[in-house]
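Trainee: Here it is, the structure in full.
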Number of protein chains: 4
Amino acid sequence: MSTELERLAARLSEFARVRDWERFHTPKNLAMALSGEVGELVAELQWLTPDESGDLDPATLARVRAELGDVTAYLVRLADVLGVDLVAEANTRLDVNDRRYDPELYHGSMRKAPPLDP
Amino acid sequence: MSTELERLAARLSEFARVRDWERFHTPKNLAMALSGEVGELVAELQWLTPDESGDLDPATLARVRAELGDVTAYLVRLADVLGVDLVAEANTRLDVNDRRYDPELYHGSMRKAPPLDP
Amino acid sequence: MSTELERLAARLSEFARVRDWERFHTPKNLAMALSGEVGELVAELQWLTPDESGDLDPATLARVRAELGDVTAYLVRLADVLGVDLVAEANTRLDVNDRRYDPELYHGSMRKAPPLDP
Amino acid sequence: MSTELERLAARLSEFARVRDWERFHTPKNLAMALSGEVGELVAELQWLTPDESGDLDPATLARVRAELGDVTAYLVRLADVLGVDLVAEANTRLDVNDRRYDPELYHGSMRKAPPLDP
């Protein structure tokens with residue numbers, strides 16, 4: 001049984017295939033497309049205070065949702081082209097950061113931890 | 001039964017909670033963190049040709065995987081804080097683009113389609 | 001007499017030439033490099049409040065200065081490769097925005113103005 | 001006698017002052033705005049090959065010029081608010097990279113050099 005991300009990846013792959021867009025979907029190009037969409041997302045929040053960004057008016061929230069959809073689509077497509085499992089990689093990073101950022105030592109503090117010993 | 005993205009979101013939420021980092025995790029700040037991680041991902045591919053980016057050496061691929069993990073973590077955390085379903089939004093965007101980019105008219109072409117009539 | 005940006009562009013051009021890096025310095029690649037450096041800049045400020053970002057401690061300011069130097073270097077190199085005069089283009093954009101954002105109508109407001117009539 | 005960047009910074013400062021936008025122009029917000037504009041620039045080049053990006057058609061070049069103008073405006077405004085001299089910082093970075101990347105050792109190679117000894 002496939003996950004929701006696998007189904008989304010399959011839909012994106014088919015979307016590209018029927019348009020003969022696969023040759024444009026190199027990791028380099030998709031990373032740029034992802035970057036462009038994240039830029040649009042950031043632009044929606046740039047003049048808001050951090051508090052205001054957590055309480056968006058409906059029109060802004062609708063635009064933010066659309067940008068999040070675009071970001072997700074390019075991220076999932078990029079991972080599919082590279083053969084990477086996004087959720088597995090995120091969990092691996094969380095495993096690292098769980099050891100790197102001791103909950104007591106970094107309580108309420110966003111300072112950067114030194115890299116872990118190998 | 002929760003999806004893999006819901007489980008990842010729950011883990012990220014708990015990760016922030018036990019460190020008292022929730023007040024840092026505003027949408028504005030998380031969008032910046034996402035943007036920073038995407039910048040690191042783009043930097044890994046910047047000097048490669050599009051073809052080379054599809055055939056990465058193991059060391060580069062390992063760094064790309066780690067960046068994809070970081071990007072996913074911040075994206076899922078941001079969506080959770082905003083109460084947005086990423087897969088649903090991506091599918092909504094695909095619905096729009098399915099209508100906007102006729103497969104025959106845009107076959108092999110990456111030119112931009114005009115916005116859809118409302 | 002050349003300007004300081006022309007002298008910087010010439011130094012960057014020579015820096016690439018003596019290393020045989022000119023073939024890597026396509027606009028596409030340089031735009032990615034610029035994006036990566038801006039990501040590093042954004043990352044320095046991501047957890048700060050807007051007020052804190054205007055009153056940086058010396059260590060953070062030193063890192064921000066270095067990132068601004070990297071951003072400037074890639075931006076000037078990209079413009080040189082494209083044959084674009086950055087200051088002239090910025091002034092052209094300011095001319096547009098001067099007409100687009102009436103000082104009284106947009107006093108204290110960051111809402112987006114409609115595009116100008118052509 | 002002021003440089004062209006100083007005159008642009010002064011014009012941007014006045015542009016913000018007459019609209020009462022100075023309180024929005026924190027380094028955090030301006031870094032986001034810069035990031036958004038760089039995203040738009042990257043998006044213009046995302047589907048082109050590196051070679052094509054060096055030979056833009058007039059319509060794309062016009063959009064790229066406009067994006068470069070926006071990027072420059074936000075970068076110069078950000079540096080002005082922080083009291084940073086962009087050209088001096090870029091030259092400092094070039095001094096570092098001149099020592100870090102030996103022209104013979106890195107001839108034709110974009111591999112990353114180790115950090116310099118302090």
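Quick note on naming: the chains in the structure tokens go A, B, ... in the order shown, residues restart at 1 in each chain, and ligands are numbered from 1 in order of appearance.
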Quick one: DSSP alpha helix (DSSP H) residues in chain C, as a VMD selection string?
Mentor: chain C and resid 4 to 18 27 to 45 50 to 53 58 to 82 86 to 100
Trainee: Could you write out the selected residues, including C-alpha atoms, as a short mmCIF file (atom, residue, chain, number, x, y, z; two decimals), in the first residue's frame?
Mentor:
```cif
data_model
loop_
_atom_site.label_atom_id
_atom_site.label_comp_id
_atom_site.auth_asym_id
_atom_site.auth_seq_id
_atom_site.Cartn_x
_atom_site.Cartn_y
_atom_site.Cartn_z
CA GLU C 4 33.88 50.97 -7.41
CA LEU C 5 31.44 48.37 -8.81
CA GLU C 6 33.29 48.29 -12.12
CA ARG C 7 36.57 47.73 -10.28
CA LEU C 8 34.98 44.94 -8.20
CA ALA C 9 33.57 43.34 -11.38
CA ALA C 10 37.00 43.48 -13.00
CA ARG C 11 38.62 41.85 -9.97
CA LEU C 12 35.98 39.08 -9.96
CA SER C 13 36.47 38.51 -13.67
CA GLU C 14 40.23 38.18 -13.21
CA PHE C 15 39.68 35.89 -10.18
CA ALA C 16 37.66 33.52 -12.40
CA ARG C 17 39.99 33.82 -15.41
CA VAL C 18 43.19 32.78 -13.64
CA PRO C 27 24.02 33.20 -15.33
CA LYS C 28 22.13 30.08 -14.23
CA ASN C 29 24.97 28.86 -12.02
CA LEU C 30 25.71 32.32 -10.63
CA ALA C 31 22.04 32.88 -9.79
CA MET C 32 22.13 29.62 -7.83
CA ALA C 33 25.31 30.70 -6.03
CA LEU C 34 23.67 34.04 -5.20
CA SER C 35 20.62 32.20 -3.89
CA GLY C 36 22.78 29.96 -1.70
CA GLU C 37 24.57 32.93 -0.15
CA VAL C 38 21.31 34.77 0.48
CA GLY C 39 20.10 31.60 2.20
CA GLU C 40 23.09 31.77 4.53
CA LEU C 41 22.36 35.43 5.24
CA VAL C 42 18.70 34.71 6.02
CA ALA C 43 19.75 31.83 8.29
CA GLU C 44 21.77 34.24 10.46
CA LEU C 45 18.63 36.26 11.22
CA PRO C 50 12.91 42.13 13.82
CA ASP C 51 14.15 44.45 16.60
CA GLU C 52 16.98 42.12 17.57
CA SER C 53 18.05 41.93 13.93
CA PRO C 58 29.54 41.53 17.27
CA ALA C 59 29.93 37.83 16.37
CA THR C 60 26.64 37.70 14.44
CA LEU C 61 27.36 41.03 12.74
CA ALA C 62 30.74 39.70 11.59
CA ARG C 63 29.04 36.67 10.02
CA VAL C 64 26.36 38.87 8.45
CA ARG C 65 29.06 41.15 6.98
CA ALA C 66 30.81 38.14 5.45
CA GLU C 67 27.54 36.88 3.95
CA LEU C 68 26.78 40.34 2.56
CA GLY C 69 30.25 40.32 0.98
CA ASP C 70 29.57 36.94 -0.65
CA VAL C 71 26.14 38.06 -1.86
CA THR C 72 27.62 41.24 -3.34
CA ALA C 73 30.42 39.33 -5.08
CA TYR C 74 28.05 36.91 -6.81
CA LEU C 75 25.53 39.63 -7.68
CA VAL C 76 28.21 41.84 -9.26
CA ARG C 77 29.72 38.87 -11.11
CA LEU C 78 26.29 37.82 -12.42
CA ALA C 79 25.51 41.35 -13.60
CA ASP C 80 28.91 41.58 -15.30
CA VAL C 81 28.40 38.31 -17.16
CA LEU C 82 24.97 39.52 -18.30
CA LEU C 86 23.00 47.11 -11.33
CA VAL C 87 22.72 50.69 -10.12
CA ALA C 88 20.97 51.82 -13.29
CA GLU C 89 18.49 48.93 -12.97
CA ALA C 90 17.84 49.67 -9.30
CA ASN C 91 17.16 53.30 -10.14
CA THR C 92 14.78 52.26 -12.92
CA ARG C 93 12.88 50.09 -10.42
CA LEU C 94 12.77 52.98 -7.97
CA ASP C 95 11.36 55.22 -10.70
CA VAL C 96 8.58 52.65 -11.21
CA ASN C 97 7.89 52.26 -7.49
CA ASP C 98 7.93 56.02 -6.96
CA ARG C 99 4.96 56.25 -9.31
CA ARG C 100 3.34 53.05 -8.09
#
```
Trainee: For the reference chain D, what are the coordinates of chain B after least-squares fitting (all Cα, in-order pairing), as a PDB file with C-alpha atoms, in the first residue's frame?
Mentor:
```pdb
ATOM      1  CA  MET B   1      32.170  62.993  -3.136  1.00  0.00           C
ATOM      2  CA  SER B   2      29.766  60.139  -2.735  1.00  0.00           C
ATOM      3  CA  THR B   3      29.830  56.907  -4.740  1.00  0.00           C
ATOM      4  CA  GLU B   4      26.979  55.635  -6.871  1.00  0.00           C
ATOM      5  CA  LEU B   5      26.069  53.091  -4.157  1.00  0.00           C
ATOM      6  CA  GLU B   6      25.944  55.843  -1.506  1.00  0.00           C
ATOM      7  CA  ARG B   7      23.630  57.857  -3.736  1.00  0.00           C
ATOM      8  CA  LEU B   8      21.401  54.821  -4.291  1.00  0.00           C
ATOM      9  CA  ALA B   9      21.333  54.138  -0.543  1.00  0.00           C
ATOM     10  CA  ALA B  10      20.339  57.749   0.109  1.00  0.00           C
ATOM     11  CA  ARG B  11      17.544  57.553  -2.441  1.00  0.00           C
ATOM     12  CA  LEU B  12      16.249  54.292  -0.904  1.00  0.00           C
ATOM     13  CA  SER B  13      16.360  55.815   2.560  1.00  0.00           C
ATOM     14  CA  GLU B  14      14.357  58.820   1.412  1.00  0.00           C
ATOM     15  CA  PHE B  15      11.914  56.535  -0.429  1.00  0.00           C
ATOM     16  CA  ALA B  16      11.204  54.723   2.863  1.00  0.00           C
ATOM     17  CA  ARG B  17      11.141  57.888   4.962  1.00  0.00           C
ATOM     18  CA  VAL B  18       8.462  59.739   3.008  1.00  0.00           C
ATOM     19  CA  ARG B  19       6.205  56.645   3.152  1.00  0.00           C
ATOM     20  CA  ASP B  20       6.812  56.023   6.868  1.00  0.00           C
ATOM     21  CA  TRP B  21       8.159  52.578   5.966  1.00  0.00           C
ATOM     22  CA  GLU B  22      11.319  52.796   8.051  1.00  0.00           C
ATOM     23  CA  ARG B  23       9.903  50.682  10.852  1.00  0.00           C
ATOM     24  CA  PHE B  24       9.301  47.849   8.345  1.00  0.00           C
ATOM     25  CA  HIS B  25      12.889  48.032   7.133  1.00  0.00           C
ATOM     26  CA  THR B  26      14.529  45.916   9.816  1.00  0.00           C
ATOM     27  CA  PRO B  27      17.445  43.714   8.726  1.00  0.00           C
ATOM     28  CA  LYS B  28      15.286  40.619   9.247  1.00  0.00           C
ATOM     29  CA  ASN B  29      12.513  41.907   7.010  1.00  0.00           C
ATOM     30  CA  LEU B  30      14.894  43.248   4.369  1.00  0.00           C
ATOM     31  CA  ALA B  31      16.781  39.943   4.249  1.00  0.00           C
ATOM     32  CA  MET B  32      13.438  38.232   3.568  1.00  0.00           C
ATOM     33  CA  ALA B  33      12.615  40.760   0.834  1.00  0.00           C
ATOM     34  CA  LEU B  34      16.052  40.180  -0.709  1.00  0.00           C
ATOM     35  CA  SER B  35      15.463  36.428  -0.569  1.00  0.00           C
ATOM     36  CA  GLY B  36      12.088  36.793  -2.279  1.00  0.00           C
ATOM     37  CA  GLU B  37      13.560  38.845  -5.120  1.00  0.00           C
ATOM     38  CA  VAL B  38      16.432  36.392  -5.599  1.00  0.00           C
ATOM     39  CA  GLY B  39      13.784  33.653  -5.789  1.00  0.00           C
ATOM     40  CA  GLU B  40      12.104  35.521  -8.658  1.00  0.00           C
ATOM     41  CA  LEU B  41      15.465  35.881 -10.404  1.00  0.00           C
ATOM     42  CA  VAL B  42      16.236  32.174 -10.037  1.00  0.00           C
ATOM     43  CA  ALA B  43      12.753  31.329 -11.346  1.00  0.00           C
ATOM     44  CA  GLU B  44      13.509  33.162 -14.600  1.00  0.00           C
ATOM     45  CA  LEU B  45      16.449  30.835 -15.282  1.00  0.00           C
ATOM     46  CA  GLN B  46      15.229  27.555 -13.795  1.00  0.00           C
ATOM     47  CA  TRP B  47      14.305  25.673 -16.982  1.00  0.00           C
ATOM     48  CA  LEU B  48      17.130  27.002 -19.154  1.00  0.00           C
ATOM     49  CA  THR B  49      20.377  25.144 -19.718  1.00  0.00           C
ATOM     50  CA  PRO B  50      23.475  26.943 -18.399  1.00  0.00           C
ATOM     51  CA  ASP B  51      24.331  27.861 -21.999  1.00  0.00           C
ATOM     52  CA  GLU B  52      20.848  29.201 -22.734  1.00  0.00           C
ATOM     53  CA  SER B  53      21.050  31.333 -19.589  1.00  0.00           C
ATOM     54  CA  GLY B  54      23.980  33.176 -21.188  1.00  0.00           C
ATOM     55  CA  ASP B  55      22.039  33.976 -24.342  1.00  0.00           C
ATOM     56  CA  LEU B  56      18.646  35.239 -23.152  1.00  0.00           C
ATOM     57  CA  ASP B  57      15.876  36.379 -25.474  1.00  0.00           C
ATOM     58  CA  PRO B  58      14.997  40.077 -25.070  1.00  0.00           C
ATOM     59  CA  ALA B  59      11.801  39.471 -23.045  1.00  0.00           C
ATOM     60  CA  THR B  60      13.537  37.217 -20.535  1.00  0.00           C
ATOM     61  CA  LEU B  61      16.514  39.561 -20.306  1.00  0.00           C
ATOM     62  CA  ALA B  62      14.158  42.464 -19.550  1.00  0.00           C
ATOM     63  CA  ARG B  63      12.598  40.497 -16.673  1.00  0.00           C
ATOM     64  CA  VAL B  64      16.039  39.452 -15.408  1.00  0.00           C
ATOM     65  CA  ARG B  65      17.199  43.088 -15.479  1.00  0.00           C
ATOM     66  CA  ALA B  66      14.165  44.120 -13.438  1.00  0.00           C
ATOM     67  CA  GLU B  67      14.808  41.355 -10.888  1.00  0.00           C
ATOM     68  CA  LEU B  68      18.472  42.360 -10.657  1.00  0.00           C
ATOM     69  CA  GLY B  69      17.320  45.912  -9.988  1.00  0.00           C
ATOM     70  CA  ASP B  70      15.027  44.749  -7.182  1.00  0.00           C
ATOM     71  CA  VAL B  71      17.757  42.536  -5.692  1.00  0.00           C
ATOM     72  CA  THR B  72      20.231  45.425  -5.768  1.00  0.00           C
ATOM     73  CA  ALA B  73      17.759  47.823  -4.171  1.00  0.00           C
ATOM     74  CA  TYR B  74      17.043  45.526  -1.212  1.00  0.00           C
ATOM     75  CA  LEU B  75      20.703  44.564  -0.810  1.00  0.00           C
ATOM     76  CA  VAL B  76      21.842  48.196  -0.734  1.00  0.00           C
ATOM     77  CA  ARG B  77      19.016  49.141   1.638  1.00  0.00           C
ATOM     78  CA  LEU B  78      19.866  46.241   3.965  1.00  0.00           C
ATOM     79  CA  ALA B  79      23.547  47.177   4.006  1.00  0.00           C
ATOM     80  CA  ASP B  80      22.677  50.807   4.710  1.00  0.00           C
ATOM     81  CA  VAL B  81      20.442  49.901   7.653  1.00  0.00           C
ATOM     82  CA  LEU B  82      23.247  47.706   9.049  1.00  0.00           C
ATOM     83  CA  GLY B  83      25.958  50.289   8.339  1.00  0.00           C
ATOM     84  CA  VAL B  84      27.882  47.867   6.119  1.00  0.00           C
ATOM     85  CA  ASP B  85      30.021  48.815   3.094  1.00  0.00           C
ATOM     86  CA  LEU B  86      29.154  46.161   0.511  1.00  0.00           C
ATOM     87  CA  VAL B  87      32.135  46.718  -1.776  1.00  0.00           C
ATOM     88  CA  ALA B  88      34.586  46.654   1.113  1.00  0.00           C
ATOM     89  CA  GLU B  89      33.058  43.400   2.387  1.00  0.00           C
ATOM     90  CA  ALA B  90      33.142  41.818  -1.060  1.00  0.00           C
ATOM     91  CA  ASN B  91      36.805  42.742  -1.396  1.00  0.00           C
ATOM     92  CA  THR B  92      37.535  41.275   2.021  1.00  0.00           C
ATOM     93  CA  ARG B  93      35.896  38.012   0.923  1.00  0.00           C
ATOM     94  CA  LEU B  94      37.926  38.042  -2.283  1.00  0.00           C
ATOM     95  CA  ASP B  95      41.097  38.509  -0.233  1.00  0.00           C
ATOM     96  CA  VAL B  96      40.161  35.389   1.730  1.00  0.00           C
ATOM     97  CA  ASN B  97      39.293  33.360  -1.355  1.00  0.00           C
ATOM     98  CA  ASP B  98      42.438  34.487  -3.152  1.00  0.00           C
ATOM     99  CA  ARG B  99      44.434  32.807  -0.402  1.00  0.00           C
ATOM    100  CA  ARG B 100      42.064  29.861  -0.046  1.00  0.00           C
ATOM    101  CA  TYR B 101      41.845  28.900  -3.707  1.00  0.00           C
ATOM    102  CA  ASP B 102      45.337  28.591  -5.132  1.00  0.00           C
ATOM    103  CA  PRO B 103      45.001  29.265  -8.881  1.00  0.00           C
ATOM    104  CA  GLU B 104      47.051  26.207  -9.868  1.00  0.00           C
ATOM    105  CA  LEU B 105      45.638  23.788  -7.322  1.00  0.00           C
ATOM    106  CA  TYR B 106      42.044  24.700  -8.163  1.00  0.00           C
ATOM    107  CA  HIS B 107      42.539  25.241 -11.888  1.00  0.00           C
ATOM    108  CA  GLY B 108      39.303  24.282 -13.619  1.00  0.00           C
ATOM    109  CA  SER B 109      37.977  22.681 -10.439  1.00  0.00           C
ATOM    110  CA  MET B 110      35.021  23.842  -8.324  1.00  0.00           C
ATOM    111  CA  ARG B 111      35.682  21.546  -5.387  1.00  0.00           C
ATOM    112  CA  LYS B 112      35.469  23.256  -2.023  1.00  0.00           C
ATOM    113  CA  ALA B 113      38.672  24.352  -0.325  1.00  0.00           C
ATOM    114  CA  PRO B 114      39.164  23.690   3.375  1.00  0.00           C
ATOM    115  CA  PRO B 115      38.769  26.761   5.617  1.00  0.00           C
ATOM    116  CA  LEU B 116      41.923  28.771   6.132  1.00  0.00           C
ATOM    117  CA  ASP B 117      43.876  28.373   9.336  1.00  0.00           C
ATOM    118  CA  PRO B 118      43.032  31.272  11.618  1.00  0.00           C
TER     119      PRO B 118
END
```
